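Undergrad: Would you mind keeping the following structure in view while I ask a few things?
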Amino acid sequence: MRRYLQIFSGGFAKQEVKIEELKSKLEKILKLIKIDGLIIGWYENKEFYNILKNFLETYGVKLYFWLPLFSELSYFGKFSEVRDYKGNEIEKFSFQEGENFEFYCPNNMENIENIKRIFDEKISKYNVDGIFIDKIRYPAFSNGNDAIFTCFCEKCVEDMKKYGINIEELKKYIENSFNKKNGNPLEIKQYKEFKYEFENENLDKYFKFKNQSIFDKVQELTNYFRKKGFEVGFDIYAPNISYLFGQDINKLSEIADFIKPMYYRKTFAPAGIPFEFQKYGELYDEKAKKYLLELIGEKYLKDNISNEQMLREIKEISKKYKNIYIGIDFNKKDGIALSNPEYIEEVMNILHEGNSEGIVLSWDFMSIPEEHIEIFLKKEAINE
């Protein structure tokens, strides 16, 4: 497997990592095993990354700057945020300093031009091999309330009409879905190849529109970054639910240099699989949550995916796509990331049995316990 490490260096305004402490912890693992890449962001400090780049070159490790794309960038200027089906902005929240999970409309061209401007003025000057883009989606269940039903700004409404969507009928359907207690409030017709189909024509077109919108703008920005000489990797949700937030792995895998699906089964924060299903249950009810898990193939658990389900998905991913490096929540954070040695051993076995092409030790290397790193090293040594 290819091996990557991920580090949260802090929000744009505040550094959370000291370079010497980082180098010291990295050195312990780099002297023992080949690491292919290091993903770090998104604290803004050109000299910090220059020092890190020079250090990593000794070990032949590529450096990628972790850049949130459709979120967090309001630190640099104003962005137009997504609107829900009632025309309201969604609620912001934070699990750690420097991250607020606001979301910008991908179809607003001023937003796209602002991203390019920020990249040119700040990020393009960093001495890194690539850009690792995150938050390339619409809000998820974890944003709460009806945030998944975005965006309904004027531009998106105009574009959806051209896509053949009856906006008023769609809004009525969404509103009525909250009264359905049958376990399938969105009337999902089929789940296949990590995509969902819906009985209602407007809703089906709506989700297709969202996925196409994300793909189009991510492709535009990826091409823009590549022309500047950078590789581009993508951070996405686990593909069993990513389609619902605009991340179709079938499409995105065609344009990324690599993709990291976040298989976070011990994380109770955005992108954490149990957390997202919990929030879906809160949006509708427990029966709906259970139905959604059963639909994707989960046979045993009521609030997460089991080892068996994850193995099936990893095998499918390994057969269908190239350059997919599975993100595992190796770090431990009180009340948020609850990984333990048993879990780390289980997921390492799953990745090897499922023939995964790569792994990303996520999402903050500095918060990974030594015993988790020891298990990783042991498992990789056995499978060398």
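Ordered as shown in the structure tokens, chains take letters A, B, and onward, while each chain numbers its residues from 1 and ligands are numbered from 1 in the order shown.
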Can you pull out every residue within 7 Å of A:Ile214, counting only C-alpha atoms, but drop anything in the same chain fewer than 6 positions away, and send it as a PyMOL selection string?

TA: chain A and resi 106+136-137+246

Undergrad: Using only C-alpha atoms, find each residue of stretch 16-102 of chain A with at least one atom at most 12 Å away from an atom of stretch 347-368 of chain A; report its shortest atom-to-atom pair and that distance in Å (one decimal), sort the rows by chain and rising residue number, and return the result as JSON lines.

TA:
{"residue": "A:Glu16", "atom": "CA", "partner": "A:Met366", "partner_atom": "CA", "distance": 9.8}
{"residue": "A:Val17", "atom": "CA", "partner": "A:Met366", "partner_atom": "CA", "distance": 8.0}
{"residue": "A:Lys18", "atom": "CA", "partner": "A:Met366", "partner_atom": "CA", "distance": 10.2}
{"residue": "A:Ile19", "atom": "CA", "partner": "A:Met366", "partner_atom": "CA", "distance": 11.2}
{"residue": "A:Glu21", "atom": "CA", "partner": "A:Met366", "partner_atom": "CA", "distance": 8.9}
{"residue": "A:Leu22", "atom": "CA", "partner": "A:Met366", "partner_atom": "CA", "distance": 7.2}
{"residue": "A:Lys23", "atom": "CA", "partner": "A:Met366", "partner_atom": "CA", "distance": 10.5}
{"residue": "A:Ser24", "atom": "CA", "partner": "A:Met366", "partner_atom": "CA", "distance": 10.6}
{"residue": "A:Lys25", "atom": "CA", "partner": "A:Met366", "partner_atom": "CA", "distance": 7.7}
{"residue": "A:Leu26", "atom": "CA", "partner": "A:Phe365", "partner_atom": "CA", "distance": 8.7}
{"residue": "A:Ile29", "atom": "CA", "partner": "A:Phe365", "partner_atom": "CA", "distance": 11.0}
{"residue": "A:Ile35", "atom": "CA", "partner": "A:Val360", "partner_atom": "CA", "distance": 10.0}
{"residue": "A:Asp36", "atom": "CA", "partner": "A:Gly358", "partner_atom": "CA", "distance": 9.7}
{"residue": "A:Gly37", "atom": "CA", "partner": "A:Val360", "partner_atom": "CA", "distance": 9.0}
{"residue": "A:Leu38", "atom": "CA", "partner": "A:Val360", "partner_atom": "CA", "distance": 8.9}
{"residue": "A:Ile39", "atom": "CA", "partner": "A:Val360", "partner_atom": "CA", "distance": 8.9}
{"residue": "A:Ile40", "atom": "CA", "partner": "A:Asp364", "partner_atom": "CA", "distance": 8.7}
{"residue": "A:Gly41", "atom": "CA", "partner": "A:Asp364", "partner_atom": "CA", "distance": 10.0}
{"residue": "A:Trp42", "atom": "CA", "partner": "A:Asp364", "partner_atom": "CA", "distance": 11.8}
{"residue": "A:Trp66", "atom": "CA", "partner": "A:Trp363", "partner_atom": "CA", "distance": 10.8}

Undergrad: From the set A:Met1, A:Arg265, A:Lys333, A:Gly164, which residue has the shortest atom-to-atom contact distance to A:Ser318, counting only C-alpha atoms?

TA: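 For A:Ser318, the nearest of the candidates is A:Met1.
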
Undergrad: Suppose you want the space between atom CA of A:Leu32 and atom CA of A:Phe55; what is it in Å?

TA: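 For atom CA of A:Leu32 relative to atom CA of A:Phe55, the distance reads 15.9 Å.
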
Undergrad: Pick the closest to A:Lys279 from A:Asp303, A:Asp216, A:Asp129, A:Glu72: which is it, counting only C-alpha atoms?

TA: A:Asp303

Undergrad: Select from stretch 23-156 of chain A everything DSSP, run on the backbone, classes as strand (DSSP E or B), then give the selection as a list in words.

TA: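 Put together, the selection reads Gly37, Leu38, Ile39, Ile40, Gly41, Lys62, Leu63, Tyr64, Phe65, Trp66, Leu67, Pro68, Glu81, Arg83, Asp84, Glu89, Gln96, Glu99, Tyr104, Gly130, Ile131, Phe132, Ile133, Asp134 and Thr150 of chain A.
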
Undergrad: Residues of the last selection are to be written out with N, CA, C and O atoms, as a tab-separated table (two decimals), in the first residue's frame.

TA:
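Writing the result to out_29.tsv gives the following:
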chain	number	residue	atom	x	y	z
A	37	GLY	N	3.64	10.37	1.06
A	37	GLY	CA	3.23	11.76	1.05
A	37	GLY	C	2.76	12.24	2.40
A	37	GLY	O	2.32	11.45	3.25
A	38	LEU	N	2.87	13.54	2.60
A	38	LEU	CA	2.39	14.18	3.83
A	38	LEU	C	1.44	15.31	3.44
A	38	LEU	O	1.79	16.17	2.63
A	39	ILE	N	0.24	15.26	4.00
A	39	ILE	CA	-0.80	16.26	3.75
A	39	ILE	C	-0.90	17.14	4.98
A	39	ILE	O	-1.09	16.64	6.09
A	40	ILE	N	-0.78	18.45	4.80
A	40	ILE	CA	-0.81	19.34	5.96
A	40	ILE	C	-1.46	20.68	5.61
A	40	ILE	O	-1.30	21.22	4.52
A	41	GLY	N	-2.21	21.22	6.54
A	41	GLY	CA	-2.84	22.52	6.38
A	41	GLY	C	-3.73	22.79	7.59
A	41	GLY	O	-3.84	21.97	8.50
A	62	LYS	N	6.59	13.34	-0.61
A	62	LYS	CA	5.94	14.49	-1.25
A	62	LYS	C	5.12	15.27	-0.22
A	62	LYS	O	4.58	14.69	0.73
A	63	LEU	N	5.01	16.57	-0.45
A	63	LEU	CA	4.28	17.44	0.46
A	63	LEU	C	3.06	18.04	-0.24
A	63	LEU	O	3.17	18.58	-1.35
A	64	TYR	N	1.90	17.92	0.41
A	64	TYR	CA	0.64	18.44	-0.14
A	64	TYR	C	0.03	19.44	0.84
A	64	TYR	O	-0.07	19.14	2.03
A	65	PHE	N	-0.37	20.58	0.31
A	65	PHE	CA	-1.05	21.57	1.17
A	65	PHE	C	-2.53	21.25	1.20
A	65	PHE	O	-3.19	21.14	0.17
A	66	TRP	N	-3.06	21.13	2.40
A	66	TRP	CA	-4.47	20.80	2.64
A	66	TRP	C	-5.28	22.09	2.57
A	66	TRP	O	-5.14	22.98	3.40
A	67	LEU	N	-6.15	22.18	1.56
A	67	LEU	CA	-6.90	23.41	1.29
A	67	LEU	C	-8.41	23.16	1.28
A	67	LEU	O	-8.93	22.47	0.40
A	68	PRO	N	-9.16	23.72	2.26
A	68	PRO	CA	-10.62	23.64	2.19
A	68	PRO	C	-11.11	24.54	1.06
A	68	PRO	O	-10.70	25.70	0.98
A	81	GLU	N	-22.74	32.28	0.59
A	81	GLU	CA	-23.00	30.98	1.19
A	81	GLU	C	-24.23	30.31	0.57
A	81	GLU	O	-25.07	30.97	-0.04
A	83	ARG	N	-27.84	28.42	0.32
A	83	ARG	CA	-29.15	28.69	0.92
A	83	ARG	C	-29.96	27.40	0.92
A	83	ARG	O	-29.91	26.62	-0.02
A	84	ASP	N	-30.72	27.19	2.00
A	84	ASP	CA	-31.56	26.00	2.05
A	84	ASP	C	-32.82	26.20	1.21
A	84	ASP	O	-33.01	27.25	0.59
A	89	GLU	N	-29.70	30.97	5.11
A	89	GLU	CA	-28.35	30.46	5.27
A	89	GLU	C	-28.37	29.36	6.32
A	89	GLU	O	-29.20	29.37	7.23
A	96	GLN	N	-13.45	22.43	16.31
A	96	GLN	CA	-12.10	22.81	16.69
A	96	GLN	C	-11.84	24.24	16.20
A	96	GLN	O	-12.48	24.71	15.25
A	99	GLU	N	-12.11	26.26	12.35
A	99	GLU	CA	-12.96	25.52	11.41
A	99	GLU	C	-14.41	25.75	11.80
A	99	GLU	O	-14.80	25.50	12.94
A	104	TYR	N	-19.99	27.48	0.83
A	104	TYR	CA	-20.20	28.44	-0.24
A	104	TYR	C	-20.82	27.76	-1.45
A	104	TYR	O	-20.54	26.58	-1.73
A	130	GLY	N	1.87	19.33	-4.18
A	130	GLY	CA	0.48	19.25	-4.60
A	130	GLY	C	-0.46	19.95	-3.65
A	130	GLY	O	-0.08	20.43	-2.58
A	131	ILE	N	-1.72	19.99	-4.09
A	131	ILE	CA	-2.80	20.59	-3.31
A	131	ILE	C	-3.80	19.48	-2.99
A	131	ILE	O	-4.22	18.74	-3.88
A	132	PHE	N	-4.17	19.37	-1.73
A	132	PHE	CA	-5.14	18.38	-1.29
A	132	PHE	C	-6.41	19.14	-0.93
A	132	PHE	O	-6.45	19.85	0.08
A	133	ILE	N	-7.44	19.04	-1.79
A	133	ILE	CA	-8.62	19.88	-1.60
A	133	ILE	C	-9.70	19.16	-0.80
A	133	ILE	O	-10.04	18.01	-1.03
A	134	ASP	N	-10.22	19.87	0.17
A	134	ASP	CA	-11.20	19.37	1.13
A	134	ASP	C	-12.46	20.24	1.01
A	134	ASP	O	-12.45	21.28	0.36
A	150	THR	N	-29.57	22.02	0.08
A	150	THR	CA	-28.98	23.24	-0.45
A	150	THR	C	-28.35	22.89	-1.79
A	150	THR	O	-28.02	21.73	-2.04

Undergrad: Tell me which of A:Tyr138, A:Gly11, A:Lys172, A:Ile112 sits closest to A:Gln219, counting only C-alpha atoms.

TA: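 Checking each candidate against A:Gln219, we get A:Ile112 as the closest.
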
Undergrad: Looking at only C-alpha atoms, which of A:Phe119, A:Tyr4, A:Tyr59, A:Tyr85 is the one that sits closest to A:Cys156?

TA: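 Result for the nearest residue to A:Cys156: A:Tyr85.
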
Undergrad: Residues at most 12 Å from A:Tyr224, counting only C-alpha atoms, excluding those fewer than 3 positions away in the same chain, as a ChimeraX atom specification?

TA: /A:112-113,115-117,119-120,124,131,217-221,227-232

Undergrad: Could you please write out, as an NGL selection string, every residue of stretch 24-239 of chain A that DSSP assigns to helix (DSSP H, G or I)?

TA: :A and (24-30 or 46-57 or 73-75 or 109-121 or 123-125 or 141-143 or 154-162 or 167-177 or 201-227 or 239)

Undergrad: Within 9 Å of A:Lys46, counting only C-alpha atoms, which residues show up once you throw out same-chain ones fewer than 6 positions away? Write them as a ChimeraX atom specification, please.

TA: /A:122-123,125-127

Undergrad: Could you state the separation of atom CA of A:Phe207 and atom CA of A:Leu244 in Å, given to one decimal place?

TA: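 A separation of 6.8 Å between them.
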